[in-house]
Amino acid sequence: MKFRCVELDQAVIDDILSLGPLQTPRFLERQIGRFVDSTPTVLESLNRQAELKDFVGFFNDLHKFAGFAATLGSRQVQAHCQGMSLSSSLIRKEDLEKLGLLIAIARNEMLLLLQESRKYYGEP
């Protein structure tokens, strides 16, 4: 199966697809499902922590989410999270808004990848 990425890191996606027909559909279903399901909660939590000025919780959650996004090839989300982490004493609303936009873009491409995987491999 070939899937040409626009926003996701092509090398990461190629590695996932190289798992083969027995592993790829299950992995994609599980990981993309977790990403899609968790993003509204993560964004809500980050916004709440920013309002409360809970810097430790904010940056811990931001770091975890950056790693999770990287697992699925979302390098832009990962890079933005890392950039936000570098400004550890400053949480800007526009950075959170941009993160939400980058997540939405990555999420859409992940869902397209999942749809193509289902067509190619069938349902897991």
# chains A, B, ... in the order shown; residues from 1 in each chain; ligands from 1
call {"tool": "residues_around", "arguments": {"residues": "region 58-68 of chain A", "least_positions_apart": "6", "cutoff": "9 Å", "atoms": "only C-alpha atoms", "output": "number ranges by chain"}}
result
A: 31, 35, 39, 42, 45-50, 74-75, 77-82, 84-85, 88
call {"tool": "select_by_dssp", "arguments": {"residues": "chain A", "states": "helix (DSSP H, G or I)", "output": "ChimeraX atom specification"}}
result
/A:10-17,24-52,55-71,75-86,93-121
call {"tool": "closest_residue", "arguments": {"among": "A:Arg107, A:Thr71, A:Leu43, A:Glu116", "to": "Lys93 (chain A)", "atoms": "only C-alpha atoms"}}
result
A:Leu43
call {"tool": "atom_distance", "arguments": {"atom1": "CA of Phe55 (chain A)", "atom2": "CA of Gly33 (chain A)"}}
result
28.0 Å
call {"tool": "closest_residue", "arguments": {"among": "A:Leu96, A:Met1, A:Val6, A:Leu114", "to": "Ile32 (chain A)", "atoms": "only C-alpha atoms"}}
result
A:Leu114
call {"tool": "residues_around", "arguments": {"residues": "Leu8 (chain A)", "least_positions_apart": "6", "cutoff": "9 Å", "atoms": "only C-alpha atoms", "output": "ChimeraX atom specification"}}
result
/A:72-76,106,109-110
call {"tool": "write_last_selection", "arguments": {"atoms": "C-alpha atoms", "output": "CSV table (one decimal), in the first residue's frame"}}
result
chain,number,residue,atom,x,y,z
A,72,LEU,CA,2.2,8.9,14.1
A,73,GLY,CA,4.4,11.2,12.0
A,74,SER,CA,2.9,14.5,13.0
A,75,ARG,CA,6.2,16.4,13.0
A,76,GLN,CA,4.5,19.8,12.8
A,106,ALA,CA,-2.8,16.1,11.3
A,109,GLU,CA,-4.7,13.2,7.3
A,110,MET,CA,-4.6,10.4,9.8
call {"tool": "residues_around", "arguments": {"residues": "Asp15 (chain A)", "least_positions_apart": "2", "cutoff": "12 Å", "atoms": "only C-alpha atoms", "output": "number ranges by chain"}}
result
A: 1-3, 9-13, 17-20, 23-24, 27-28, 71-73
call {"tool": "closest_residue", "arguments": {"among": "A:Pro21, A:Ile105, A:Ile91, A:Thr41", "to": "Val56 (chain A)", "atoms": "only C-alpha atoms"}}
result
A:Ile91
call {"tool": "closest_residue", "arguments": {"among": "A:Tyr121, A:Asp37, A:Pro25, A:Gly83", "to": "Lys98 (chain A)", "atoms": "only C-alpha atoms"}}
result
A:Gly83
call {"tool": "closest_residue", "arguments": {"among": "A:Gln115, A:Leu90, A:Tyr120, A:Asn108", "to": "Glu51 (chain A)", "atoms": "only C-alpha atoms"}}
result
A:Leu90
call {"tool": "closest_residue", "arguments": {"among": "A:Arg118, A:Arg34, A:Glu29, A:Arg92", "to": "Lys53 (chain A)", "atoms": "only C-alpha atoms"}}
result
A:Arg92
